[in-house]
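Raw data-v7.cif, mmCIF, C-alpha atoms:
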data_final
loop_
_atom_site.label_atom_id
_atom_site.label_comp_id
_atom_site.auth_asym_id
_atom_site.auth_seq_id
_atom_site.Cartn_x
_atom_site.Cartn_y
_atom_site.Cartn_z
CA MET A 1 -26.57 39.91 -18.62
CA ARG A 2 -25.70 41.79 -15.43
CA VAL A 3 -22.64 40.54 -13.55
CA MET A 4 -21.74 41.29 -9.94
CA ALA A 5 -18.27 40.19 -8.87
CA TRP A 6 -16.14 40.38 -5.77
CA ILE A 7 -13.20 38.46 -4.41
CA GLY A 8 -13.73 34.76 -5.06
CA VAL A 9 -17.31 35.04 -6.36
CA THR A 10 -19.06 35.70 -9.65
CA LEU A 11 -22.86 35.94 -9.77
CA LEU A 12 -24.55 35.25 -13.09
CA ALA A 13 -28.14 35.37 -14.24
CA VAL A 14 -29.95 32.02 -14.26
CA SER A 15 -30.97 30.87 -17.72
CA PRO A 16 -34.77 30.39 -18.05
CA ALA A 17 -34.10 27.32 -20.20
CA VAL A 18 -32.08 25.76 -17.40
CA MET A 19 -34.85 26.43 -14.88
CA ALA A 20 -37.45 24.88 -17.16
CA GLN A 21 -35.46 21.71 -17.87
CA ASP A 22 -34.11 21.15 -14.36
CA ALA A 23 -36.71 18.61 -13.26
CA GLY A 24 -35.69 15.04 -14.04
CA LEU A 25 -32.21 15.99 -15.25
CA LEU A 26 -29.34 13.86 -13.96
CA ALA A 27 -26.91 15.61 -11.64
CA PHE A 28 -24.31 14.90 -14.33
CA PRO A 29 -23.88 12.22 -17.00
CA GLY A 30 -23.05 9.01 -15.15
CA ALA A 31 -25.01 9.91 -12.01
CA GLU A 32 -26.96 6.83 -10.90
CA GLY A 33 -28.94 5.59 -7.94
CA PHE A 34 -31.32 7.39 -5.62
CA GLY A 35 -29.31 10.64 -5.59
CA ARG A 36 -29.00 10.91 -9.36
CA TYR A 37 -31.28 13.96 -9.67
CA ALA A 38 -29.48 16.19 -7.16
CA LYS A 39 -29.50 19.70 -8.63
CA GLY A 40 -26.34 20.96 -6.97
CA GLY A 41 -25.46 24.54 -7.83
CA ARG A 42 -26.94 24.48 -11.33
CA GLY A 43 -27.67 27.98 -12.60
CA GLY A 44 -26.26 29.78 -9.58
CA ALA A 45 -23.15 31.70 -8.59
CA VAL A 46 -19.59 30.64 -9.37
CA LEU A 47 -17.45 30.74 -6.22
CA PHE A 48 -13.70 30.42 -6.54
CA VAL A 49 -11.45 28.82 -3.94
CA THR A 50 -8.23 30.80 -4.19
CA ASN A 51 -6.42 29.83 -0.98
CA LEU A 52 -5.97 26.92 1.43
CA SER A 53 -6.90 28.90 4.55
CA ASP A 54 -9.64 28.12 7.07
CA TYR A 55 -11.28 29.85 10.03
CA ARG A 56 -13.24 28.85 13.10
CA PRO A 57 -16.91 29.63 13.73
CA GLY A 58 -17.17 33.19 14.94
CA GLU A 59 -13.91 34.26 13.35
CA GLU A 60 -13.72 36.64 10.43
CA VAL A 61 -14.61 35.04 7.11
CA ILE A 62 -11.64 34.45 4.83
CA PRO A 63 -12.67 35.33 1.25
CA GLY A 64 -11.65 32.72 -1.29
CA SER A 65 -11.56 29.90 1.28
CA LEU A 66 -13.42 26.64 0.86
CA ARG A 67 -15.35 27.29 4.07
CA ALA A 68 -16.55 30.68 2.80
CA ALA A 69 -17.85 29.02 -0.36
CA VAL A 70 -19.56 26.22 1.54
CA GLU A 71 -21.21 28.60 4.01
CA ALA A 72 -22.47 31.01 1.32
CA GLU A 73 -26.19 31.10 0.61
CA GLY A 74 -27.93 30.38 -2.67
CA ALA A 75 -27.20 28.07 -5.56
CA ARG A 76 -23.45 27.94 -6.18
CA THR A 77 -20.73 25.95 -7.87
CA VAL A 78 -17.36 25.82 -6.14
CA VAL A 79 -14.45 26.00 -8.58
CA PHE A 80 -10.87 25.60 -7.35
CA ARG A 81 -7.99 27.80 -8.45
CA VAL A 82 -5.58 26.13 -6.03
CA SER A 83 -4.45 22.61 -5.22
CA GLY A 84 -3.16 21.34 -1.91
CA THR A 85 -4.27 20.26 1.56
CA ILE A 86 -6.60 22.42 3.63
CA GLU A 87 -6.04 22.12 7.39
CA LEU A 88 -9.55 22.54 8.72
CA LYS A 89 -10.09 24.27 12.06
CA GLY A 90 -13.43 22.57 12.60
CA THR A 91 -15.89 20.28 10.86
CA LEU A 92 -16.75 21.63 7.40
CA SER A 93 -20.55 21.54 7.52
CA ILE A 94 -22.58 21.96 4.34
CA ARG A 95 -25.86 23.41 5.63
CA GLU A 96 -26.90 25.65 2.74
CA PRO A 97 -28.56 23.76 -0.15
CA TYR A 98 -27.93 23.81 -3.89
CA ILE A 99 -24.18 23.42 -4.02
CA THR A 100 -21.75 21.67 -6.34
CA VAL A 101 -18.21 21.17 -5.05
CA ALA A 102 -16.14 20.49 -8.17
CA GLY A 103 -12.84 19.11 -6.95
CA GLN A 104 -11.94 18.12 -10.50
CA THR A 105 -11.28 21.80 -11.29
CA ALA A 106 -8.26 22.06 -8.97
CA PRO A 107 -5.11 22.77 -11.01
CA GLY A 108 -2.32 20.32 -10.28
CA ASP A 109 -2.73 17.38 -7.91
CA GLY A 110 -6.14 18.23 -6.46
CA ILE A 111 -7.65 19.06 -3.08
CA CYS A 112 -7.59 17.34 0.31
CA VAL A 113 -9.02 18.38 3.68
CA ARG A 114 -7.54 17.18 6.96
CA ASN A 115 -7.87 17.52 10.78
CA TYR A 116 -11.69 17.45 10.67
CA GLY A 117 -14.32 15.89 8.46
CA VAL A 118 -16.93 17.15 6.01
CA SER A 119 -20.60 16.90 6.99
CA VAL A 120 -23.51 17.27 4.53
CA GLN A 121 -26.70 18.36 6.30
CA THR A 122 -28.91 19.74 3.54
CA HIS A 123 -30.40 18.96 0.13
CA ASP A 124 -29.35 19.10 -3.51
CA VAL A 125 -25.66 18.62 -2.96
CA ILE A 126 -23.08 17.33 -5.46
CA VAL A 127 -19.55 16.62 -4.22
CA ARG A 128 -16.99 15.28 -6.69
CA HIS A 129 -13.28 14.48 -6.67
CA ILE A 130 -12.54 15.63 -3.12
CA ARG A 131 -10.25 13.90 -0.60
CA CYS A 132 -11.26 13.84 3.07
CA ARG A 133 -8.48 12.50 5.32
CA PRO A 134 -8.83 13.98 8.84
CA GLY A 135 -6.29 11.91 10.80
CA ASP A 136 -6.23 12.07 14.59
CA GLU A 137 -3.76 14.83 15.40
CA VAL A 138 -6.57 16.91 16.92
CA GLY A 139 -7.49 13.99 19.17
CA ARG A 140 -3.98 13.89 20.57
CA LEU A 141 -4.23 17.41 21.98
CA PRO A 142 -4.10 17.57 25.81
CA GLU A 143 -7.75 18.58 26.17
CA TYR A 144 -8.85 15.25 24.69
CA ALA A 145 -6.53 13.04 26.74
CA GLU A 146 -9.29 11.80 29.06
CA ARG A 147 -12.53 12.18 27.08
CA GLY A 148 -11.23 11.10 23.67
CA TRP A 149 -12.03 12.52 20.25
CA SER A 150 -13.48 11.08 17.08
CA THR A 151 -14.62 12.11 13.62
CA ASP A 152 -15.91 10.74 10.35
CA ALA A 153 -14.07 11.71 7.20
CA LEU A 154 -17.23 12.40 5.16
CA SER A 155 -20.77 12.06 6.43
CA LEU A 156 -24.41 12.83 5.77
CA SER A 157 -26.59 13.66 8.75
CA GLY A 158 -29.84 15.32 9.80
CA ALA A 159 -32.34 15.44 6.95
CA ALA A 160 -29.89 15.45 4.03
CA ARG A 161 -31.63 14.50 0.80
CA ASP A 162 -30.95 14.51 -2.92
CA VAL A 163 -27.21 14.17 -2.44
CA ILE A 164 -24.61 12.50 -4.63
CA LEU A 165 -21.01 11.87 -3.65
CA ASP A 166 -18.97 10.92 -6.70
CA HIS A 167 -15.30 9.95 -6.94
CA CYS A 168 -14.41 11.04 -3.41
CA SER A 169 -11.46 9.60 -1.49
CA THR A 170 -11.97 9.10 2.23
CA SER A 171 -9.67 7.68 4.89
CA TRP A 172 -7.99 8.12 8.28
CA ALA A 173 -11.07 8.69 10.42
CA ASN A 174 -11.50 7.01 13.79
CA ASP A 175 -15.27 6.66 13.95
CA GLU A 176 -16.59 5.68 10.53
CA VAL A 177 -14.83 6.82 7.38
CA LEU A 178 -17.96 7.55 5.32
CA SER A 179 -21.39 7.46 6.92
CA VAL A 180 -25.01 8.22 6.09
CA SER A 181 -26.77 8.54 9.43
CA GLY A 182 -30.02 10.40 10.14
CA ALA A 183 -33.67 9.41 10.28
CA GLY A 184 -34.73 11.93 7.63
CA ILE A 185 -32.02 11.20 5.07
CA THR A 186 -33.24 10.02 1.67
CA GLY A 187 -32.37 10.16 -2.03
CA VAL A 188 -28.65 9.51 -1.60
CA THR A 189 -26.00 8.06 -3.89
CA VAL A 190 -22.40 7.27 -2.99
CA GLN A 191 -20.62 6.13 -6.14
CA TRP A 192 -17.07 5.48 -7.28
CA CYS A 193 -15.59 6.42 -3.90
CA ILE A 194 -12.70 4.94 -1.93
CA ILE A 195 -13.47 4.29 1.74
CA SER A 196 -10.21 3.11 3.26
CA GLU A 197 -7.89 2.86 6.25
CA SER A 198 -10.05 3.76 9.22
CA LEU A 199 -7.87 4.44 12.28
CA ASN A 200 -8.33 1.55 14.66
CA ALA A 201 -6.31 2.03 17.87
CA SER A 202 -6.63 5.80 17.84
CA THR A 203 -8.33 8.42 20.04
CA HIS A 204 -11.95 7.24 20.04
CA HIS A 205 -13.46 7.25 23.54
CA LYS A 206 -14.59 3.63 23.09
CA GLY A 207 -11.09 2.44 22.23
CA SER A 208 -10.37 0.61 18.99
CA HIS A 209 -12.95 1.80 16.49
CA GLY A 210 -11.75 1.56 12.89
CA TYR A 211 -14.98 1.26 10.91
CA GLY A 212 -16.05 1.73 7.31
CA SER A 213 -19.65 3.00 7.07
CA LEU A 214 -22.73 3.33 9.25
CA ILE A 215 -25.69 3.67 6.88
CA ARG A 216 -28.68 4.29 9.12
CA THR A 217 -31.80 6.08 7.93
CA ASN A 218 -35.46 5.59 7.12
CA GLY A 219 -34.97 6.61 3.49
CA THR A 220 -33.41 5.47 0.22
CA VAL A 221 -29.67 5.02 -0.27
CA SER A 222 -27.56 3.70 -3.17
CA PHE A 223 -23.92 2.63 -2.82
CA HIS A 224 -22.29 1.40 -6.01
CA HIS A 225 -18.79 1.00 -7.43
CA ASN A 226 -17.05 1.88 -4.17
CA LEU A 227 -13.92 0.37 -2.62
CA TYR A 228 -13.90 -0.57 1.06
CA ALA A 229 -10.42 -1.46 2.29
CA PHE A 230 -8.73 -2.01 5.64
CA HIS A 231 -11.36 -1.66 8.35
CA SER A 232 -12.07 -3.70 11.46
CA SER A 233 -15.83 -3.78 10.75
CA ARG A 234 -18.88 -2.01 9.26
CA SER A 235 -18.02 -2.55 5.63
CA PRO A 236 -20.83 -1.48 5.65
CA ARG A 237 -23.41 -1.56 8.48
CA PRO A 238 -26.91 -0.63 7.27
CA GLY A 239 -29.71 0.06 9.72
CA THR A 240 -32.76 2.16 10.43
CA TYR A 241 -34.41 4.35 13.05
CA GLY A 242 -37.51 3.50 15.04
CA ASP A 243 -40.32 2.08 12.95
CA GLY A 244 -38.87 3.31 9.68
CA SER A 245 -37.33 1.13 7.03
CA ILE A 246 -34.26 1.88 4.96
CA LEU A 247 -34.22 0.80 1.32
CA PHE A 248 -30.55 0.17 0.65
CA ASP A 249 -29.19 -0.74 -2.77
CA PHE A 250 -25.62 -2.02 -2.56
CA ARG A 251 -24.09 -3.27 -5.80
CA ASN A 252 -20.81 -3.58 -7.70
CA ASN A 253 -18.79 -2.63 -4.63
CA VAL A 254 -15.41 -4.10 -3.70
CA MET A 255 -14.71 -4.94 -0.06
CA HIS A 256 -11.22 -6.02 0.95
CA ALA A 257 -9.97 -6.67 4.47
CA GLY A 258 -13.03 -4.90 5.81
CA GLY A 259 -13.59 -7.06 8.88
CA GLN A 260 -17.23 -7.75 8.15
CA GLY A 261 -20.39 -6.15 6.91
CA TYR A 262 -23.63 -6.66 8.77
CA SER A 263 -27.08 -5.29 9.49
CA ALA A 264 -27.90 -4.82 13.16
CA ASP A 265 -31.12 -2.79 13.20
CA ASP A 266 -34.53 -3.62 11.83
CA PRO A 267 -36.30 -3.44 9.55
CA VAL A 268 -33.77 -3.25 6.72
CA ARG A 269 -34.63 -3.87 3.07
CA MET A 270 -31.57 -4.40 0.96
CA ASN A 271 -30.36 -5.42 -2.48
CA PHE A 272 -26.89 -6.94 -2.32
CA VAL A 273 -25.88 -7.51 -5.92
CA ALA A 274 -22.66 -8.35 -7.79
CA ASN A 275 -20.28 -7.23 -5.05
CA TYR A 276 -16.71 -8.49 -4.82
CA HIS A 277 -15.94 -9.37 -1.22
CA PRO A 278 -14.06 -12.67 -0.82
CA THR A 279 -12.44 -11.59 2.48
CA THR A 280 -15.32 -9.53 3.89
CA PRO A 281 -18.38 -11.66 4.67
CA PHE A 282 -21.76 -9.96 5.08
CA SER A 283 -24.36 -11.13 7.59
CA ALA A 284 -27.96 -10.00 7.95
CA ASN A 285 -29.87 -10.09 11.22
CA PRO A 286 -33.21 -11.97 11.30
CA ALA A 287 -35.31 -8.86 10.68
CA THR A 288 -33.39 -7.89 7.54
CA THR A 289 -34.92 -8.87 4.22
CA TYR A 290 -32.45 -8.91 1.39
CA TYR A 291 -32.08 -9.90 -2.22
CA ALA A 292 -28.65 -11.31 -3.06
CA ASP A 293 -27.42 -12.17 -6.52
CA SER A 294 -24.10 -12.72 -8.34
CA ASN A 295 -21.82 -11.77 -5.45
CA PHE A 296 -18.22 -12.95 -5.19
CA GLY A 297 -18.25 -13.70 -1.47
CA ASP A 298 -20.57 -14.87 1.28
CA ILE A 299 -23.78 -13.33 2.57
CA THR A 300 -25.73 -15.09 5.30
CA GLY A 301 -29.07 -14.55 7.00
CA ASP A 302 -32.59 -15.96 7.09
CA GLY A 303 -34.31 -13.06 5.35
CA ALA A 304 -33.47 -13.75 1.71
CA VAL A 305 -36.25 -12.81 -0.73
CA PRO A 306 -36.67 -14.19 -4.26
CA ALA A 307 -36.90 -10.90 -6.15
CA ALA A 308 -34.94 -7.66 -6.03
CA TYR A 309 -36.45 -4.59 -4.44
CA ALA A 310 -37.38 -1.91 -6.96
CA VAL A 311 -34.70 0.77 -6.78
CA ALA A 312 -33.23 3.61 -8.81
CA PRO A 313 -31.29 2.37 -11.85
CA VAL A 314 -27.59 1.52 -11.74
CA VAL A 315 -25.76 -0.08 -14.67
CA THR A 316 -24.56 -3.35 -13.12
CA THR A 317 -21.77 -5.66 -14.28
CA THR A 318 -20.41 -8.91 -12.89
CA ALA A 319 -18.56 -8.77 -9.59
CA SER A 320 -15.26 -9.55 -11.31
CA GLU A 321 -15.77 -6.77 -13.85
CA ALA A 322 -16.63 -4.39 -11.02
CA TYR A 323 -13.41 -5.35 -9.23
CA THR A 324 -11.33 -4.25 -12.21
CA ALA A 325 -13.33 -1.09 -12.88
CA VAL A 326 -13.38 0.07 -9.25
CA LEU A 327 -9.66 -0.44 -8.70
CA ASP A 328 -8.92 1.40 -11.94
CA ALA A 329 -11.23 4.38 -11.52
CA ALA A 330 -12.62 4.86 -7.99
CA GLY A 331 -11.69 7.76 -5.77
CA ALA A 332 -10.60 11.29 -6.61
CA VAL A 333 -8.91 10.50 -9.91
CA LEU A 334 -9.30 14.01 -11.34
CA PRO A 335 -7.11 15.87 -11.71
CA ALA A 336 -4.92 12.94 -10.54
CA ARG A 337 -5.02 9.97 -8.14
CA ASP A 338 -2.85 10.71 -5.11
CA ALA A 339 -0.19 8.53 -3.49
CA VAL A 340 -2.55 7.37 -0.73
CA ASP A 341 -5.13 5.90 -3.09
CA ALA A 342 -2.42 4.47 -5.34
CA ARG A 343 -0.90 2.65 -2.36
CA VAL A 344 -4.27 1.39 -1.10
CA VAL A 345 -5.26 0.05 -4.52
CA ASP A 346 -1.87 -1.61 -4.92
CA LEU A 347 -2.26 -3.38 -1.56
CA VAL A 348 -5.74 -4.57 -2.51
CA ARG A 349 -4.46 -5.95 -5.80
CA LYS A 350 -1.70 -7.80 -3.95
CA GLY A 351 -4.16 -9.26 -1.45
CA VAL A 352 -2.49 -7.64 1.55
CA GLU A 353 -4.61 -7.43 4.71
CA THR A 354 -3.69 -4.80 7.26
CA GLN A 355 -5.05 -2.33 9.80
CA VAL A 356 -3.96 1.27 10.31
CA ASP A 357 -3.77 3.07 13.66
CA SER A 358 -2.42 6.43 12.51
CA ALA A 359 -1.88 8.32 9.28
CA GLU A 360 1.79 8.71 10.08
CA GLU A 361 2.48 4.99 10.00
CA VAL A 362 1.54 4.89 6.30
CA GLY A 363 3.38 8.06 5.31
CA GLY A 364 0.85 10.76 6.19
CA TRP A 365 -0.53 13.35 3.82
CA PRO A 366 1.32 13.57 0.50
CA THR A 367 2.22 16.96 -0.89
CA LEU A 368 -0.33 17.98 -3.49
CA HIS A 369 1.43 20.22 -5.96
CA ALA A 370 -0.35 23.12 -7.62
CA THR A 371 0.04 24.39 -11.15
CA ALA A 372 -1.11 27.71 -12.57
CA SER A 373 -4.86 28.01 -12.90
CA PRO A 374 -5.88 28.34 -16.57
CA ALA A 375 -6.84 31.81 -17.77
CA ASP A 376 -10.50 32.69 -17.30
CA SER A 377 -10.92 36.26 -18.54
CA ASP A 378 -14.60 36.63 -17.66
CA ASP A 379 -14.44 34.75 -14.33
CA ASP A 380 -17.29 32.45 -15.27
CA GLY A 381 -15.52 29.26 -14.15
CA MET A 382 -14.73 28.07 -17.67
CA PRO A 383 -11.14 28.45 -18.95
CA ASP A 384 -10.65 30.66 -21.98
CA GLY A 385 -9.07 27.85 -23.98
CA TRP A 386 -12.03 25.56 -23.39
CA GLU A 387 -14.50 28.28 -24.36
CA VAL A 388 -12.64 29.05 -27.59
CA LEU A 389 -12.45 25.33 -28.42
CA HIS A 390 -16.24 25.10 -28.12
CA ALA A 391 -17.07 28.35 -29.91
CA LEU A 392 -18.05 30.23 -26.75
CA ASP A 393 -16.98 33.78 -25.98
CA PRO A 394 -14.21 33.89 -23.33
CA ASP A 395 -15.02 37.54 -22.65
CA ALA A 396 -18.73 36.98 -21.99
CA PRO A 397 -19.71 35.41 -18.64
CA ASP A 398 -22.04 32.74 -20.00
CA SER A 399 -21.59 29.87 -17.57
CA ASN A 400 -25.33 29.74 -16.87
CA ALA A 401 -26.32 29.76 -20.53
CA ASP A 402 -27.35 26.46 -22.10
CA SER A 403 -25.92 26.63 -25.60
CA ASP A 404 -27.28 23.28 -26.73
CA SER A 405 -30.59 23.44 -24.80
CA ASP A 406 -30.04 20.07 -23.12
CA GLY A 407 -30.66 21.34 -19.59
CA TYR A 408 -27.02 21.45 -18.52
CA THR A 409 -25.44 24.88 -18.23
CA ASN A 410 -22.25 25.64 -20.12
CA LEU A 411 -20.39 25.48 -16.81
CA GLU A 412 -21.77 22.01 -16.12
CA GLU A 413 -20.69 20.91 -19.60
CA PHE A 414 -17.16 22.02 -18.71
CA LEU A 415 -17.25 20.22 -15.36
CA ASN A 416 -18.64 17.08 -16.98
CA GLY A 417 -16.21 17.02 -19.90
CA THR A 418 -19.02 17.27 -22.44
CA ASP A 419 -19.60 19.48 -25.48
CA PRO A 420 -21.79 22.53 -24.72
CA THR A 421 -22.80 22.84 -28.37
CA ARG A 422 -24.03 19.27 -28.88
CA PRO A 423 -26.98 17.91 -26.86
#

Would you mind giving the structure from this file in structure tokens?
Amino acid sequence: MRVMAWIGVTLLAVSPAVMAQDAGLLAFPGAEGFGRYAKGGRGGAVLFVTNLSDYRPGEEVIPGSLRAAVEAEGARTVVFRVSGTIELKGTLSIREPYITVAGQTAPGDGICVRNYGVSVQTHDVIVRHIRCRPGDEVGRLPEYAERGWSTDALSLSGAARDVILDHCSTSWANDEVLSVSGAGITGVTVQWCIISESLNASTHHKGSHGYGSLIRTNGTVSFHHNLYAFHSSRSPRPGTYGDGSILFDFRNNVMHAGGQGYSADDPVRMNFVANYHPTTPFSANPATTYYADSNFGDITGDGAVPAAYAVAPVVTTTASEAYTAVLDAAGAVLPARDAVDARVVDLVRKGVETQVDSAEEVGGWPTLHATASPADSDDDGMPDGWEVLHALDPDAPDSNADSDSDGYTNLEEFLNGTDPTRP
């Protein structure tokens, strides 16, 4: 196997077995919903994030930065060798397809991005265990005093498709916190994420604007096992474009102090199943047709249908069981849940209802401590100790091999916490 390496990047040959078995393979074990088959960076390069630096468009690329990894071309998996908060100098746009951003690999307390949001605008994207908390410090700069400034924390736009966001923590945005908005978007899953503390009286040009999610497309979208907390509205707001029709599957989510959820555009087809939302009512406009079942909370509208829409599979529990599971495990919990999510979950458990206007009023960005990155002698993204434990060779760059012929590369087995020698 020929290896080409330079600062922050290792390129490895793609296993023929992986290419043959790619079709129909879940993004990772536990991937569900319409985005469950996103390929991500499977079989491609390993790109290492080795610093917390950023650069603006047109500036010199900083090797080892998250932006350099995101903007690289070709299939790639982003592995972190640092923990901490990255102060973005502009929106971090994912425009090149076939990428896995593996936040769970960060040594220490994990990764957060601030100042600007992250925008997914392409296909076959997997993002896991990342925190997006922009805040509004940029909006307070003098140049925005009259015209205002706004951002989402994490969004999908354009014609994004085959995308899964898993265990991401999002907050402190003053438009929507997490949105899926674009006529051509389809094949999307948002699962096990925390969508919290939109900034209400902030720097948005419309004034108070602390919203949860705008989910507006003509395609297919799954939201399951997410926590919405502390928004003035749009928890969530599904809709469509033109004559299209979104198929929106919303189940086992927890909504607390979210203002309200509602559909405002037509036509919308929606399953609303086993959600826990006693303080966040959901209303559907007359053109929305929806199937509702086993929710803990109110949903109103004239468009109820007797049978669920056929959607991609999601293992569904009762609303009360989802409440416990989501509060225990949603958000960026690997390598560790941060103080922001811990505080938000604690407030939800206590039944507190509040609204946030700035990140500073709730303590701001916690320090995310780093520890030493584990040894990886062959720079294939898999620590030596893990390779030895699973009878792999720590001196042979075999991240793209598939030792058990199950379709997942050895690197994916490491990222997924599975055994590369047992299918």

Explicit residue set for the PyMOL selection byres ((chain A and resi 369) around 10), as a ChimeraX atom specification: /A:82-85,107-111,366-368,370-371

Near range 242-255 of chain A, within 8 Å and counting all atoms listed in the file, which residues show up once chain neighbours fewer than 2 positions away are dropped, as a PDB file with C-alpha atoms, keeping the file's coordinate frame?
ATOM      1  CA  ARG A 216     -28.680   4.290   9.120  1.00  0.00           C
ATOM      2  CA  THR A 217     -31.800   6.080   7.930  1.00  0.00           C
ATOM      3  CA  ASN A 218     -35.460   5.590   7.120  1.00  0.00           C
ATOM      4  CA  GLY A 219     -34.970   6.610   3.490  1.00  0.00           C
ATOM      5  CA  THR A 220     -33.410   5.470   0.220  1.00  0.00           C
ATOM      6  CA  VAL A 221     -29.670   5.020  -0.270  1.00  0.00           C
ATOM      7  CA  SER A 222     -27.560   3.700  -3.170  1.00  0.00           C
ATOM      8  CA  PHE A 223     -23.920   2.630  -2.820  1.00  0.00           C
ATOM      9  CA  HIS A 224     -22.290   1.400  -6.010  1.00  0.00           C
ATOM     10  CA  HIS A 225     -18.790   1.000  -7.430  1.00  0.00           C
ATOM     11  CA  ASN A 226     -17.050   1.880  -4.170  1.00  0.00           C
ATOM     12  CA  LEU A 227     -13.920   0.370  -2.620  1.00  0.00           C
ATOM     13  CA  TYR A 228     -13.900  -0.570   1.060  1.00  0.00           C
ATOM     14  CA  ALA A 229     -10.420  -1.460   2.290  1.00  0.00           C
ATOM     15  CA  SER A 235     -18.020  -2.550   5.630  1.00  0.00           C
ATOM     16  CA  PRO A 238     -26.910  -0.630   7.270  1.00  0.00           C
ATOM     17  CA  GLY A 239     -29.710   0.060   9.720  1.00  0.00           C
ATOM     18  CA  THR A 240     -32.760   2.160  10.430  1.00  0.00           C
ATOM     19  CA  ALA A 257      -9.970  -6.670   4.470  1.00  0.00           C
ATOM     20  CA  GLY A 258     -13.030  -4.900   5.810  1.00  0.00           C
ATOM     21  CA  ASP A 266     -34.530  -3.620  11.830  1.00  0.00           C
ATOM     22  CA  PRO A 267     -36.300  -3.440   9.550  1.00  0.00           C
ATOM     23  CA  VAL A 268     -33.770  -3.250   6.720  1.00  0.00           C
ATOM     24  CA  ARG A 269     -34.630  -3.870   3.070  1.00  0.00           C
ATOM     25  CA  MET A 270     -31.570  -4.400   0.960  1.00  0.00           C
ATOM     26  CA  ASN A 271     -30.360  -5.420  -2.480  1.00  0.00           C
ATOM     27  CA  PHE A 272     -26.890  -6.940  -2.320  1.00  0.00           C
ATOM     28  CA  VAL A 273     -25.880  -7.510  -5.920  1.00  0.00           C
ATOM     29  CA  ALA A 274     -22.660  -8.350  -7.790  1.00  0.00           C
ATOM     30  CA  ASN A 275     -20.280  -7.230  -5.050  1.00  0.00           C
ATOM     31  CA  TYR A 276     -16.710  -8.490  -4.820  1.00  0.00           C
ATOM     32  CA  HIS A 277     -15.940  -9.370  -1.220  1.00  0.00           C
ATOM     33  CA  PRO A 278     -14.060 -12.670  -0.820  1.00  0.00           C
ATOM     34  CA  THR A 279     -12.440 -11.590   2.480  1.00  0.00           C
ATOM     35  CA  THR A 280     -15.320  -9.530   3.890  1.00  0.00           C
ATOM     36  CA  VAL A 311     -34.700   0.770  -6.780  1.00  0.00           C
ATOM     37  CA  THR A 316     -24.560  -3.350 -13.120  1.00  0.00           C
ATOM     38  CA  THR A 317     -21.770  -5.660 -14.280  1.00  0.00           C
ATOM     39  CA  THR A 318     -20.410  -8.910 -12.890  1.00  0.00           C
ATOM     40  CA  ALA A 319     -18.560  -8.770  -9.590  1.00  0.00           C
ATOM     41  CA  ALA A 322     -16.630  -4.390 -11.020  1.00  0.00           C
ATOM     42  CA  TYR A 323     -13.410  -5.350  -9.230  1.00  0.00           C
ATOM     43  CA  VAL A 326     -13.380   0.070  -9.250  1.00  0.00           C
TER      44      VAL A 326
END

Separation of CA of Phe282 in chain A from CA of Pro306 in chain A in Å: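 About the pair CA of Pro306 in chain A and CA of Phe282 in chain A: they are 18.1 Å apart.
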
Output of the PyMOL selection byres ((chain A and resi 128) around 6), listed as a ChimeraX atom specification: /A:102-103,127,129-130,166-168

For Ile99 in chain A, the nearest of the candidates A:Thr122, A:Glu87, A:Cys112, A:Asp346, counting all atoms listed in the file: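 Smallest distance to Ile99 in chain A is found for A:Thr122.
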
Atomic separation - CA of Ala153 in chain A relative to CA of Ser179 in chain A, Å: 8.5 Å

Residue members of the PyMOL selection byres ((chain A and resi 37) around 7) in the file shown, as an MDAnalysis selection string: chainID A and resid 24:27 35:36 38:39 162

Let's have the selection written as a PDB file, keeping the file's coordinate frame, with C-alpha atoms.
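What landed in again-v2.pdb:
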ATOM      1  CA  GLY A  24     -35.690  15.040 -14.040  1.00  0.00           C
ATOM      2  CA  LEU A  25     -32.210  15.990 -15.250  1.00  0.00           C
ATOM      3  CA  LEU A  26     -29.340  13.860 -13.960  1.00  0.00           C
ATOM      4  CA  ALA A  27     -26.910  15.610 -11.640  1.00  0.00           C
ATOM      5  CA  GLY A  35     -29.310  10.640  -5.590  1.00  0.00           C
ATOM      6  CA  ARG A  36     -29.000  10.910  -9.360  1.00  0.00           C
ATOM      7  CA  ALA A  38     -29.480  16.190  -7.160  1.00  0.00           C
ATOM      8  CA  LYS A  39     -29.500  19.700  -8.630  1.00  0.00           C
ATOM      9  CA  ASP A 162     -30.950  14.510  -2.920  1.00  0.00           C
TER      10      ASP A 162
END

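What separates CA of Leu411 in chain A from CA of Ser155 in chain A is a distance of 26.8 Å.
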
Selected residue of minimal separation from Trp192 in chain A among A:Ser213, A:Ser208, A:Ser169, A:Thr77, counting all atoms listed in the file: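 Comparing A:Ser213, A:Ser208, A:Ser169, A:Thr77 against Trp192 in chain A, the winner is A:Ser169.
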
Distance query Thr170 in chain A at most 12 Å, all atoms listed in the file, self and fewer than 6 positions along chain excluded, as a VMD selection string: chain A and resid 112 to 114 116 to 118 128 to 135 152 to 155 176 to 179 190 192 to 199 212 to 213 226 to 229 330 to 332 338 340 to 341 344

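You can rank A:Ala308, A:Val49, A:Val345, A:Ala284 by their closest distance to Ala325 in chain A using only C-alpha atoms, and at the top of that list sits A:Val345.
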
Counting all atoms listed in the file, the option among A:Glu32, A:Glu73, A:Glu321, A:Asp265 closest to Leu165 in chain A: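 Looking at the shortest contact to Leu165 in chain A, the residue is A:Glu32.
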
Return as AutoDock Vina command-line options the centre and edge lengths, in Å with one decimal, of the box along x, y and z that encloses every atom of range 388-407 of chain A in the file, padded by 6 Å per side.
--center_x -21.6 --center_y 28.8 --center_z -23.4 --size_x 30.2 --size_y 29.5 --size_z 25.0
